[in-house]
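This is upload-v1.pdb (PDB, C-alpha atoms).
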```
MODEL        1
ATOM      1  CA  MET A   1      18.284-131.924 -47.482
ATOM      2  CA  ALA A   2      19.935-135.339 -47.282
ATOM      3  CA  PRO A   3      18.120-137.932 -45.153
ATOM      4  CA  LEU A   4      19.313-138.668 -41.650
ATOM      5  CA  SER A   5      22.103-141.205 -41.353
ATOM      6  CA  TRP A   6      22.279-144.127 -38.954
ATOM      7  CA  ARG A   7      24.374-141.907 -36.656
ATOM      8  CA  HIS A   8      21.532-139.375 -36.415
ATOM      9  CA  HIS A   9      19.075-142.205 -35.747
ATOM     10  CA  THR A  10      21.287-143.591 -32.981
ATOM     11  CA  LEU A  11      21.411-140.227 -31.215
ATOM     12  CA  ILE A  12      17.621-139.908 -31.409
ATOM     13  CA  GLN A  13      17.099-143.453 -30.179
ATOM     14  CA  SER A  14      19.473-142.940 -27.253
ATOM     15  CA  LEU A  15      17.298-140.097 -25.968
ATOM     16  CA  LEU A  16      14.010-141.884 -26.642
ATOM     17  CA  SER A  17      15.086-145.074 -24.900
ATOM     18  CA  ARG A  18      17.064-143.660 -21.982
ATOM     19  CA  GLY A  19      15.205-140.422 -21.377
ATOM     20  CA  PRO A  20      16.996-137.084 -20.850
ATOM     21  CA  LEU A  21      20.773-137.472 -20.799
ATOM     22  CA  LYS A  22      23.372-135.309 -19.111
ATOM     23  CA  GLU A  23      25.409-133.320 -21.614
ATOM     24  CA  ASP A  24      28.630-135.219 -20.925
ATOM     25  CA  ASP A  25      26.923-138.559 -21.505
ATOM     26  CA  PHE A  26      25.215-137.373 -24.699
ATOM     27  CA  LEU A  27      28.462-135.903 -26.043
ATOM     28  CA  SER A  28      30.217-139.163 -25.230
ATOM     29  CA  ILE A  29      27.742-141.090 -27.389
ATOM     30  CA  PHE A  30      28.149-138.524 -30.157
ATOM     31  CA  SER A  31      31.955-138.794 -30.016
ATOM     32  CA  GLN A  32      31.871-142.566 -30.258
ATOM     33  CA  LEU A  33      29.611-142.330 -33.315
ATOM     34  CA  THR A  34      31.362-139.579 -35.241
ATOM     35  CA  VAL A  35      34.714-138.195 -34.194
ATOM     36  CA  LYS A  36      36.415-141.051 -32.335
ATOM     37  CA  ASN A  37      40.052-141.274 -33.460
ATOM     38  CA  SER A  38      39.359-138.582 -36.067
ATOM     39  CA  GLY A  39      41.749-136.047 -34.571
ATOM     40  CA  LEU A  40      39.191-133.239 -34.500
ATOM     41  CA  ARG A  41      39.775-130.447 -32.018
ATOM     42  CA  GLN A  42      37.226-129.701 -29.336
ATOM     43  CA  GLN A  43      35.965-126.591 -31.129
ATOM     44  CA  GLN A  44      35.567-128.521 -34.390
ATOM     45  CA  GLU A  45      33.823-131.347 -32.581
ATOM     46  CA  ARG A  46      31.378-128.915 -30.988
ATOM     47  CA  LYS A  47      30.635-127.335 -34.367
ATOM     48  CA  LEU A  48      29.935-130.765 -35.857
ATOM     49  CA  PHE A  49      27.731-131.601 -32.859
ATOM     50  CA  ASN A  50      25.636-128.452 -33.387
ATOM     51  CA  GLU A  51      25.285-129.275 -37.080
ATOM     52  CA  PHE A  52      23.991-132.728 -36.155
ATOM     53  CA  LEU A  53      21.416-131.212 -33.799
ATOM     54  CA  ARG A  54      20.212-128.724 -36.420
ATOM     55  CA  LYS A  55      19.757-131.476 -38.988
ATOM     56  CA  ILE A  56      17.948-133.724 -36.499
ATOM     57  CA  ASN A  57      15.573-130.916 -35.471
ATOM     58  CA  ALA A  58      14.860-130.045 -39.098
ATOM     59  CA  GLU A  59      13.563-133.583 -39.592
ATOM     60  CA  LEU A  60      11.825-133.892 -36.219
ATOM     61  CA  SER A  61       9.884-130.682 -36.892
ATOM     62  CA  PHE A  62       7.774-132.564 -39.459
ATOM     63  CA  VAL A  63       6.334-134.667 -36.619
ATOM     64  CA  GLN A  64       6.173-131.766 -34.116
ATOM     65  CA  LEU A  65       9.078-133.039 -32.029
ATOM     66  CA  GLU A  66      12.232-131.224 -30.934
ATOM     67  CA  LEU A  67      15.624-132.229 -29.557
ATOM     68  CA  ARG A  68      16.103-129.691 -26.812
ATOM     69  CA  ALA A  69      18.611-128.794 -24.108
ATOM     70  CA  CYS A  70      17.866-127.409 -20.651
ATOM     71  CA  ARG A  71      19.706-126.792 -17.406
ATOM     72  CA  ASN A  72      18.685-128.608 -14.265
ATOM     73  CA  GLN A  73      18.191-125.794 -11.764
ATOM     74  CA  TYR A  74      19.110-127.984  -8.784
ATOM     75  CA  ASP A  75      22.550-129.174  -9.908
ATOM     76  CA  GLY A  76      23.347-126.746 -12.763
ATOM     77  CA  HIS A  77      24.031-129.532 -15.290
ATOM     78  CA  VAL A  78      22.804-129.336 -18.895
ATOM     79  CA  TYR A  79      20.554-132.159 -20.149
ATOM     80  CA  TYR A  80      19.328-133.119 -23.621
ATOM     81  CA  GLY A  81      15.965-134.689 -24.418
ATOM     82  CA  ILE A  82      13.235-134.970 -27.065
ATOM     83  CA  VAL A  83       9.927-133.212 -26.414
ATOM     84  CA  ASN A  84       6.544-132.932 -28.088
ATOM     85  CA  ASN A  85       5.771-129.402 -29.309
ATOM     86  CA  VAL A  86       2.021-130.033 -29.676
ATOM     87  CA  GLU A  87      -0.506-130.375 -26.884
ATOM     88  CA  ASP A  88      -3.763-131.652 -28.331
ATOM     89  CA  ASP A  89      -6.251-134.406 -27.565
ATOM     90  CA  GLN A  90      -4.368-136.864 -29.757
ATOM     91  CA  SER A  91      -0.997-136.290 -28.098
ATOM     92  CA  LYS A  92      -2.586-136.536 -24.642
ATOM     93  CA  LEU A  93      -3.678-140.076 -25.471
ATOM     94  CA  GLY A  94      -0.013-141.063 -25.729
ATOM     95  CA  THR A  95       0.702-140.660 -22.028
ATOM     96  CA  LYS A  96       0.764-143.692 -19.766
ATOM     97  CA  TYR A  97      -0.680-141.693 -16.864
ATOM     98  CA  THR A  98      -4.361-141.654 -15.977
ATOM     99  CA  VAL A  99      -6.423-138.463 -15.680
ATOM    100  CA  PRO A 100      -6.215-138.394 -11.838
ATOM    101  CA  GLN A 101      -2.454-138.963 -12.016
ATOM    102  CA  ILE A 102      -2.050-136.066 -14.452
ATOM    103  CA  ALA A 103      -4.130-133.832 -12.178
ATOM    104  CA  PHE A 104      -1.977-134.898  -9.229
ATOM    105  CA  TYR A 105       1.185-134.011 -11.165
ATOM    106  CA  ARG A 106      -0.231-130.608 -12.153
ATOM    107  CA  GLY A 107      -1.079-129.869  -8.546
ATOM    108  CA  ILE A 108       2.456-130.689  -7.400
ATOM    109  CA  VAL A 109       4.100-128.552 -10.089
ATOM    110  CA  GLU A 110       1.833-125.606  -9.329
ATOM    111  CA  ALA A 111       2.546-125.919  -5.598
ATOM    112  CA  ILE A 112       6.288-125.857  -6.302
ATOM    113  CA  ILE A 113       6.231-122.815  -8.594
ATOM    114  CA  HIS A 114       3.969-120.966  -6.144
ATOM    115  CA  ASP A 115       6.761-121.067  -3.553
ATOM    116  CA  ALA A 116       7.499-117.376  -3.101
ATOM    117  CA  GLN A 117      10.867-118.070  -1.449
ATOM    118  CA  GLY A 118      12.439-119.679  -4.520
ATOM    119  CA  GLU A 119      13.146-122.981  -2.784
ATOM    120  CA  GLY A 120      11.837-124.939  -5.782
ATOM    121  CA  CYS A 121      10.472-127.809  -3.717
ATOM    122  CA  ILE A 122       7.783-128.951  -1.295
ATOM    123  CA  PHE A 123       7.694-131.674   1.347
ATOM    124  CA  ASN A 124       6.539-135.150   0.335
ATOM    125  CA  THR A 125       3.718-134.937   2.849
ATOM    126  CA  ALA A 126       2.505-131.661   1.351
ATOM    127  CA  ALA A 127       2.516-133.273  -2.090
ATOM    128  CA  LEU A 128       0.484-136.253  -0.895
ATOM    129  CA  TYR A 129      -2.189-133.991   0.588
ATOM    130  CA  ILE A 130      -2.707-131.949  -2.577
ATOM    131  CA  ARG A 131      -6.400-131.960  -3.482
ATOM    132  CA  LEU A 132      -7.221-133.076  -6.986
ATOM    133  CA  GLU A 133     -10.448-131.050  -6.919
ATOM    134  CA  THR A 134      -8.421-127.870  -7.462
ATOM    135  CA  GLN A 135      -7.560-129.139 -10.959
ATOM    136  CA  VAL A 136     -11.222-129.342 -12.010
ATOM    137  CA  HIS A 137     -12.313-126.071 -13.611
ATOM    138  CA  GLY A 138     -15.433-124.698 -11.983
ATOM    139  CA  ALA A 139     -15.680-127.411  -9.344
ATOM    140  CA  THR A 140     -14.615-125.155  -6.471
ATOM    141  CA  ASP A 141     -17.059-122.417  -7.457
ATOM    142  CA  SER A 142     -19.854-124.935  -7.823
ATOM    143  CA  GLN A 143     -19.217-126.384  -4.382
ATOM    144  CA  SER A 144     -18.966-122.988  -2.716
ATOM    145  CA  GLN A 145     -22.325-121.981  -4.223
ATOM    146  CA  GLY A 146     -23.990-125.158  -3.045
ATOM    147  CA  GLY A 147     -24.394-126.514  -6.572
ATOM    148  CA  ALA A 148     -23.919-130.046  -7.777
ATOM    149  CA  SER A 149     -20.399-131.354  -7.521
ATOM    150  CA  GLN A 150     -18.510-131.507 -10.803
ATOM    151  CA  ILE A 151     -15.618-133.554  -9.410
ATOM    152  CA  PRO A 152     -15.134-136.817 -11.345
ATOM    153  CA  PRO A 153     -15.542-139.977  -9.265
ATOM    154  CA  ALA A 154     -12.006-141.039 -10.230
ATOM    155  CA  PHE A 155     -10.691-137.957  -8.429
ATOM    156  CA  LYS A 156     -12.715-138.666  -5.296
ATOM    157  CA  ASN A 157     -11.555-142.278  -5.215
ATOM    158  CA  PHE A 158      -7.874-141.484  -5.753
ATOM    159  CA  SER A 159      -6.473-142.905  -2.515
ATOM    160  CA  MET A 160      -3.369-141.999  -0.531
ATOM    161  CA  SER A 161      -1.663-145.229  -1.585
ATOM    162  CA  GLN A 162      -2.341-144.366  -5.248
ATOM    163  CA  LYS A 163      -0.780-140.940  -4.670
ATOM    164  CA  GLU A 164       2.310-142.515  -3.132
ATOM    165  CA  LYS A 165       2.642-144.924  -6.052
ATOM    166  CA  THR A 166       2.157-142.099  -8.580
ATOM    167  CA  LEU A 167       4.723-139.928  -6.792
ATOM    168  CA  ASP A 168       7.316-142.712  -7.021
ATOM    169  CA  GLN A 169       6.479-143.224 -10.699
ATOM    170  CA  LEU A 170       6.824-139.508 -11.497
ATOM    171  CA  VAL A 171      10.220-139.439  -9.790
ATOM    172  CA  ASN A 172      11.392-142.573 -11.639
ATOM    173  CA  ASP A 173      10.276-141.069 -14.964
ATOM    174  CA  GLN A 174      12.132-137.817 -14.104
ATOM    175  CA  TRP A 175       9.015-135.619 -14.201
ATOM    176  CA  LEU A 176       9.753-134.894 -10.549
ATOM    177  CA  CYS A 177      12.905-135.356  -8.489
ATOM    178  CA  SER A 178      13.534-136.544  -4.962
ATOM    179  CA  MET A 179      15.490-134.151  -2.768
ATOM    180  CA  PRO A 180      17.079-134.292   0.721
ATOM    181  CA  GLU A 181      14.993-133.865   3.865
ATOM    182  CA  GLY A 182      11.986-135.609   2.304
ATOM    183  CA  LYS A 183      11.246-132.976  -0.350
ATOM    184  CA  ILE A 184      10.055-133.121  -3.962
ATOM    185  CA  GLY A 185      11.284-130.861  -6.777
ATOM    186  CA  ILE A 186      10.781-130.369 -10.509
ATOM    187  CA  GLY A 187      12.312-133.146 -12.643
ATOM    188  CA  VAL A 188      14.574-132.610 -15.639
ATOM    189  CA  ARG A 189      11.853-133.832 -18.042
ATOM    190  CA  SER A 190       9.567-131.102 -16.735
ATOM    191  CA  PHE A 191      12.271-128.470 -17.268
ATOM    192  CA  LEU A 192      12.571-129.706 -20.851
ATOM    193  CA  ASP A 193       8.890-130.095 -21.644
ATOM    194  CA  LEU A 194       7.317-127.188 -19.734
ATOM    195  CA  ARG A 195       9.597-124.361 -20.892
ATOM    196  CA  SER A 196       6.896-122.694 -23.013
ATOM    197  CA  TRP A 197       4.293-123.362 -20.303
ATOM    198  CA  PHE A 198       6.449-121.545 -17.736
ATOM    199  CA  ARG A 199       6.688-118.523 -20.043
ATOM    200  CA  THR A 200       3.016-118.519 -21.031
ATOM    201  CA  ASN A 201       1.953-118.558 -17.399
ATOM    202  CA  GLU A 202       4.418-115.836 -16.383
ATOM    203  CA  VAL A 203       6.456-117.887 -13.954
ATOM    204  CA  PRO A 204       9.126-115.454 -12.604
ATOM    205  CA  ALA A 205      12.248-115.603 -14.767
ATOM    206  CA  CYS A 206      15.951-115.381 -13.950
ATOM    207  CA  GLU A 207      17.414-111.928 -14.536
ATOM    208  CA  VAL A 208      20.404-113.383 -16.410
ATOM    209  CA  CYS A 209      19.194-116.287 -18.590
ATOM    210  CA  ASN A 210      15.481-115.351 -18.769
ATOM    211  CA  GLU A 211      14.461-118.952 -18.006
ATOM    212  CA  ALA A 212      11.909-119.764 -15.313
ATOM    213  CA  ALA A 213      13.556-119.190 -11.915
ATOM    214  CA  ILE A 214      12.001-122.007  -9.906
ATOM    215  CA  LYS A 215      15.056-122.796  -7.794
ATOM    216  CA  ALA A 216      16.703-119.399  -7.412
ATOM    217  CA  GLN A 217      18.141-116.751  -5.122
ATOM    218  CA  LEU A 218      15.835-113.816  -4.444
ATOM    219  CA  CYS A 219      16.836-110.211  -3.989
ATOM    220  CA  PRO A 220      16.883-109.374  -0.242
ATOM    221  CA  ASN A 221      14.733-106.325  -1.002
ATOM    222  CA  GLU A 222      11.190-107.660  -0.615
ATOM    223  CA  ALA A 223       9.840-104.962  -2.911
ATOM    224  CA  CYS A 224      12.097-106.219  -5.730
ATOM    225  CA  ASN A 225      11.123-109.196  -7.904
ATOM    226  CA  VAL A 226      14.597-110.024  -9.252
ATOM    227  CA  ARG A 227      15.523-113.724  -9.166
ATOM    228  CA  LEU A 228      18.824-115.369 -10.103
ATOM    229  CA  HIS A 229      19.805-118.992 -10.543
ATOM    230  CA  SER A 230      22.836-119.838  -8.430
ATOM    231  CA  TYR A 231      24.862-120.798 -11.522
ATOM    232  CA  CYS A 232      23.799-117.610 -13.335
ATOM    233  CA  LEU A 233      24.769-115.556 -10.287
ATOM    234  CA  GLN A 234      28.201-117.157 -10.223
ATOM    235  CA  LYS A 235      28.680-116.662 -13.963
ATOM    236  CA  LYS A 236      27.575-113.022 -13.851
ATOM    237  CA  PHE A 237      29.978-112.019 -11.089
ATOM    238  CA  SER A 238      32.785-114.444 -11.867
ATOM    239  CA  GLY A 239      36.198-112.772 -11.877
ATOM    240  CA  GLN A 240      34.874-109.494 -10.455
ATOM    241  CA  ARG A 241      36.203-108.028  -7.234
ATOM    242  CA  VAL A 242      33.302-105.661  -6.670
ATOM    243  CA  GLU A 243      30.435-106.372  -4.361
ATOM    244  CA  ARG A 244      27.437-108.050  -5.910
ATOM    245  CA  VAL A 245      24.376-105.843  -6.153
ATOM    246  CA  CYS A 246      20.916-106.434  -7.569
ATOM    247  CA  SER A 247      20.518-105.089 -11.099
ATOM    248  CA  GLY A 248      16.916-104.158 -10.360
ATOM    249  CA  CYS A 249      17.178-102.111  -7.181
ATOM    250  CA  GLY A 250      20.882-101.916  -6.308
ATOM    251  CA  THR A 251      20.507-103.873  -3.078
ATOM    252  CA  GLN A 252      23.601-105.819  -2.056
ATOM    253  CA  LEU A 253      23.116-109.521  -2.651
ATOM    254  CA  GLN A 254      24.076-112.133  -0.103
ATOM    255  CA  GLY A 255      27.860-112.409   0.122
ATOM    256  CA  SER A 256      30.273-110.054  -1.604
ATOM    257  CA  THR A 257      31.881-112.155  -4.328
ATOM    258  CA  VAL A 258      31.646-115.706  -5.569
ATOM    259  CA  LYS A 259      35.307-116.358  -4.792
ATOM    260  CA  GLU A 260      34.840-115.242  -1.208
ATOM    261  CA  GLU A 261      31.879-117.592  -0.870
ATOM    262  CA  LEU A 262      33.965-120.461  -2.203
ATOM    263  CA  ARG A 263      36.765-119.673   0.233
ATOM    264  CA  GLU A 264      34.257-119.585   3.068
ATOM    265  CA  GLU A 265      32.784-122.935   2.028
ATOM    266  CA  ILE A 266      36.259-124.475   1.847
ATOM    267  CA  SER A 267      37.126-123.010   5.246
ATOM    268  CA  ASN A 268      33.944-124.379   6.764
ATOM    269  CA  ALA A 269      34.558-127.758   5.176
ATOM    270  CA  ASN A 270      38.116-127.834   6.534
ATOM    271  CA  GLY A 271      36.864-126.797   9.952
ATOM    272  CA  SER A 272      34.248-129.551   9.923
ATOM    273  CA  SER A 273      36.866-132.099   8.846
ATOM    274  CA  GLN A 274      39.173-130.982  11.642
ATOM    275  CA  ARG A 275      36.381-131.242  14.228
ATOM    276  CA  ARG A 276      35.456-134.710  12.963
ATOM    277  CA  ALA A 277      39.111-135.776  13.163
ATOM    278  CA  GLU A 278      39.424-134.480  16.732
ATOM    279  CA  SER A 279      36.192-136.222  17.684
ATOM    280  CA  SER A 280      37.457-139.431  16.100
ATOM    281  CA  ARG A 281      40.709-139.245  18.071
ATOM    282  CA  LYS A 282      38.752-138.763  21.286
ATOM    283  CA  ARG A 283      36.616-141.793  20.538
ATOM    284  CA  ARG A 284      39.684-143.910  19.848
ATOM    285  CA  ARG A 285      41.109-143.003  23.263
ATOM    286  CA  ARG A 286      38.115-144.665  24.919
ATOM    287  CA  PRO A 287      37.789-148.239  23.621
ATOM    288  CA  HIS A 288      34.265-149.437  22.947
ATOM    289  CA  PRO A 289      33.205-152.213  25.341
ATOM    290  CA  GLU A 290      32.209-154.385  22.374
ATOM    291  CA  ALA A 291      35.535-153.683  20.636
ATOM    292  CA  SER A 292      37.411-154.858  23.704
ATOM    293  CA  ALA A 293      35.432-158.093  23.498
ATOM    294  CA  GLY A 294      36.593-158.665  19.914
ATOM    295  CA  ILE A 295      33.351-157.569  18.102
ATOM    296  CA  ASP A 296      33.718-155.673  14.788
ATOM    297  CA  THR A 297      31.781-152.377  15.100
ATOM    298  CA  THR A 298      32.722-150.798  11.719
ATOM    299  CA  GLY A 299      30.525-150.947   9.650
ATOM    300  CA  ASP A 300      17.976-142.020  -6.925
ATOM    301  CA  ASP A 301       4.182-139.047 -21.658
ATOM    302  CA  SER A 302       4.099-135.377 -21.025
ATOM    303  CA  PRO A 303       1.221-134.535 -18.649
ATOM    304  CA  PRO A 304      -0.773-131.527 -19.852
ATOM    305  CA  MET A 305      -0.724-128.451 -17.685
ATOM    306  CA  SER A 306      -3.259-125.804 -16.731
ATOM    307  CA  LYS A 307      -2.743-122.120 -15.968
ATOM    308  CA  PRO A 308      -1.653-121.480 -12.346
ATOM    309  CA  LYS A 309      -2.175-118.476 -10.126
ATOM    310  CA  ARG A 310       0.720-116.128  -9.435
ATOM    311  CA  ALA A 311       2.306-116.075  -5.994
ATOM    312  CA  THR A 312       4.402-113.332  -4.404
ATOM    313  CA  ARG A 313       6.466-113.056  -1.274
ATOM    314  CA  SER A 314       3.928-110.681   0.200
ATOM    315  CA  SER A 315       1.085-113.155  -0.354
ATOM    316  CA  ALA A 316       3.215-115.889   1.196
ATOM    317  CA  ARG A 317       3.716-113.799   4.314
ATOM    318  CA  LEU A 318      -0.038-113.164   4.539
ATOM    319  CA  SER A 319      -0.724-116.876   4.231
ATOM    320  CA  ALA A 320       1.813-117.619   6.947
ATOM    321  CA  GLY A 321       0.196-115.027   9.173
ATOM    322  CA  GLU A 322      -3.210-116.681   8.776
TER     323      GLU A 322
ENDMDL
END
```
I'd like the structure from this file rewritten - as structure tokens, please.
Amino acid sequence: MAPLSWRHHTLIQSLLSRGPLKEDDFLSIFSQLTVKNSGLRQQQERKLFNEFLRKINAELSFVQLELRACRNQYDGHVYYGIVNNVEDDQSKLGTKYTVPQIAFYRGIVEAIIHDAQGEGCIFNTAALYIRLETQVHGATDSQSQGGASQIPPAFKNFSMSQKEKTLDQLVNDQWLCSMPEGKIGIGVRSFLDLRSWFRTNEVPACEVCNEAAIKAQLCPNEACNVRLHSYCLQKKFSGQRVERVCSGCGTQLQGSTVKEELREEISNANGSSQRRAESSRKRRRRPHPEASAGIDTTGDDSPPMSKPKRATRSSARLSAGE
């Protein structure tokens, strides 16, 4: 096989230096390097792009790396990144995170995937109060039996301010993501890097794409374990006029068709816009006292993982009842 060209090297370097890139951005870089002003059709360009990726991965495999694509389960966009396929003591030394920080990250990820409702996130406050001791194998059993504590001093001394700083760092490095209402979700780098970990540890998978369904819609039937990503649900029933039903138990899923949901969202959006317009007209009828006085009032390293415990909706209800 011919060696990689400078164009291949540029694509690799773009991912290494910038981190995971959205598909449109990565394709834009590829187009500027290869097919700009070449007159290639979109289908031909895509074929050339796939050939580039295959050649890059053939070379990266010699150093246990892989150029991989994944879909961000929160926005549905596809991202590309380079991941390490080996998890050994040598590769762990390459991370910039300390042992307590890695344990903190593991605890957050496990708390998110344990969510039996498929929300795919936890509150910031819940993340900050995660106990690092749960990441020490045998420490909990030792403490419960009155034995000597096996918790490292670095874990005990990991302060709240250090957790806050680590949380910000994990979000900036895209291992986690910040969400509305003060919540934390899985970052795109975790979706890329932890794919095999999700499968090994039997994280519930989407019925359509068979990828880990962390942020997903659950079947209304509590006895059914079917999960579907929102984008997979839309793709599966796109263009169909029949009611959506669960493939596992036949229960009708929320809403009847994707198109009807879109019409409802548009209707709600138009209704909200109309209400805001009416409210704005009412406010304009009553001049603000400051406005009448002439005052202007206008005015966003791979941490190793351990095996988690499975969570179900029934166990979540029991926990809530306690």
Could you tell me which residues the PyMOL selection byres ((chain A and resi 201-211) around 8) grabs in this file, written as a VMD selection string? chain A and resid 113 195 197 to 200 212 to 214 216 226 to 229 232 to 233 236 307 to 308 310
Once the PyMOL selection byres ((chain A and resi 178) around 10) has been evaluated on this model, what residues remain selected, and can you format them as number ranges by chain? A: 121, 123-124, 167-168, 170-172, 174, 176-177, 179-187, 300
Quick one: everything within 12 Å of Pro153 in chain A, counting all atoms listed in the file, minus sequence neighbours fewer than 3 positions away in the same chain. Send it as JSON, numbers by chain. {"A": [99, 100, 132, 133, 136, 149, 150, 156, 157, 158, 159]}
Any chance you can output those residues with C-alpha atoms as a PDB file, in the frame of the given file?
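Result went into out_31.pdb, see below:
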```pdb
ATOM      1  CA  VAL A  99      -6.423-138.463 -15.680  1.00  0.00           C
ATOM      2  CA  PRO A 100      -6.215-138.394 -11.838  1.00  0.00           C
ATOM      3  CA  LEU A 132      -7.221-133.076  -6.986  1.00  0.00           C
ATOM      4  CA  GLU A 133     -10.448-131.050  -6.919  1.00  0.00           C
ATOM      5  CA  VAL A 136     -11.222-129.342 -12.010  1.00  0.00           C
ATOM      6  CA  SER A 149     -20.399-131.354  -7.521  1.00  0.00           C
ATOM      7  CA  GLN A 150     -18.510-131.507 -10.803  1.00  0.00           C
ATOM      8  CA  LYS A 156     -12.715-138.666  -5.296  1.00  0.00           C
ATOM      9  CA  ASN A 157     -11.555-142.278  -5.215  1.00  0.00           C
ATOM     10  CA  PHE A 158      -7.874-141.484  -5.753  1.00  0.00           C
ATOM     11  CA  SER A 159      -6.473-142.905  -2.515  1.00  0.00           C
TER      12      SER A 159
END
```
Hey, what comes out of the PyMOL selection byres ((chain A and resi 118) around 6) on this file? Could you write it as a ChimeraX atom specification? /A:115-117,119-120,214-216
Box for range 70-75 of chain A - axis-aligned, 3 Å on each of the six sides, all listed atoms - centre and size in Å to one decimal, as AutoDock Vina command-line options.
```
--center_x 20.2 --center_y -127.5 --center_z -14.7 --size_x 10.7 --size_y 9.4 --size_z 17.9
```
For range 13-17 of chain A, please output as a list in words all residues within 9 Å (counting all atoms listed in the file; exclusion window: fewer than 5 positions along the same chain).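 Contacts, in chain order: His8, Phe26, Ile29, Leu67, Tyr80, Gly81 and Ile82 of chain A.
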One decimal, in Å: what's the spacing between CA of Asp25 in chain A and CA of Arg189 in chain A? 16.2 Å
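Shortest atom-to-atom contact with Leu65 in chain A among A:Ala126, A:Val86, A:Leu53, A:Ala111: A:Val86, counting all atoms listed in the file.
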One decimal, Å: what's the distance from CA of Tyr79 in chain A over to CA of Lys47 in chain A, could you say? 18.1 Å
Just range 46-60 of chain A from the block, N, CA and C atoms, as a PDB file, in the first residue's frame, could you?
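Okay, this is what ended up in result.pdb:
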```pdb
ATOM      1  N   ARG A  46     -18.195  11.501  -2.085  1.00  0.00           N
ATOM      2  CA  ARG A  46     -18.389  10.657  -0.906  1.00  0.00           C
ATOM      3  C   ARG A  46     -17.599   9.354  -1.041  1.00  0.00           C
ATOM      4  N   LYS A  47     -17.567   8.786  -2.236  1.00  0.00           N
ATOM      5  CA  LYS A  47     -16.803   7.566  -2.454  1.00  0.00           C
ATOM      6  C   LYS A  47     -15.318   7.808  -2.224  1.00  0.00           C
ATOM      7  N   LEU A  48     -14.812   8.943  -2.707  1.00  0.00           N
ATOM      8  CA  LEU A  48     -13.409   9.285  -2.496  1.00  0.00           C
ATOM      9  C   LEU A  48     -13.120   9.509  -1.013  1.00  0.00           C
ATOM     10  N   PHE A  49     -14.083  10.138  -0.319  1.00  0.00           N
ATOM     11  CA  PHE A  49     -13.935  10.379   1.120  1.00  0.00           C
ATOM     12  C   PHE A  49     -13.812   9.059   1.877  1.00  0.00           C
ATOM     13  N   ASN A  50     -14.675   8.095   1.559  1.00  0.00           N
ATOM     14  CA  ASN A  50     -14.621   6.787   2.218  1.00  0.00           C
ATOM     15  C   ASN A  50     -13.318   6.062   1.923  1.00  0.00           C
ATOM     16  N   GLU A  51     -12.808   6.213   0.712  1.00  0.00           N
ATOM     17  CA  GLU A  51     -11.520   5.603   0.371  1.00  0.00           C
ATOM     18  C   GLU A  51     -10.382   6.214   1.183  1.00  0.00           C
ATOM     19  N   PHE A  52     -10.447   7.519   1.409  1.00  0.00           N
ATOM     20  CA  PHE A  52      -9.456   8.190   2.243  1.00  0.00           C
ATOM     21  C   PHE A  52      -9.495   7.644   3.667  1.00  0.00           C
ATOM     22  N   LEU A  53     -10.700   7.479   4.199  1.00  0.00           N
ATOM     23  CA  LEU A  53     -10.844   6.990   5.578  1.00  0.00           C
ATOM     24  C   LEU A  53     -10.312   5.568   5.705  1.00  0.00           C
ATOM     25  N   ARG A  54     -10.602   4.713   4.721  1.00  0.00           N
ATOM     26  CA  ARG A  54     -10.119   3.337   4.773  1.00  0.00           C
ATOM     27  C   ARG A  54      -8.591   3.287   4.742  1.00  0.00           C
ATOM     28  N   LYS A  55      -7.986   4.123   3.920  1.00  0.00           N
ATOM     29  CA  LYS A  55      -6.532   4.136   3.839  1.00  0.00           C
ATOM     30  C   LYS A  55      -5.921   4.673   5.134  1.00  0.00           C
ATOM     31  N   ILE A  56      -6.525   5.718   5.692  1.00  0.00           N
ATOM     32  CA  ILE A  56      -6.025   6.272   6.952  1.00  0.00           C
ATOM     33  C   ILE A  56      -6.107   5.237   8.062  1.00  0.00           C
ATOM     34  N   ASN A  57      -7.240   4.532   8.162  1.00  0.00           N
ATOM     35  CA  ASN A  57      -7.411   3.538   9.229  1.00  0.00           C
ATOM     36  C   ASN A  57      -6.487   2.335   9.049  1.00  0.00           C
ATOM     37  N   ALA A  58      -6.180   2.001   7.805  1.00  0.00           N
ATOM     38  CA  ALA A  58      -5.239   0.904   7.569  1.00  0.00           C
ATOM     39  C   ALA A  58      -3.867   1.236   8.146  1.00  0.00           C
ATOM     40  N   GLU A  59      -3.473   2.492   8.059  1.00  0.00           N
ATOM     41  CA  GLU A  59      -2.181   2.909   8.606  1.00  0.00           C
ATOM     42  C   GLU A  59      -2.256   3.122  10.122  1.00  0.00           C
ATOM     43  N   LEU A  60      -3.346   3.707  10.587  1.00  0.00           N
ATOM     44  CA  LEU A  60      -3.480   3.957  12.028  1.00  0.00           C
ATOM     45  C   LEU A  60      -3.580   2.662  12.828  1.00  0.00           C
TER      46      LEU A  60
END
```
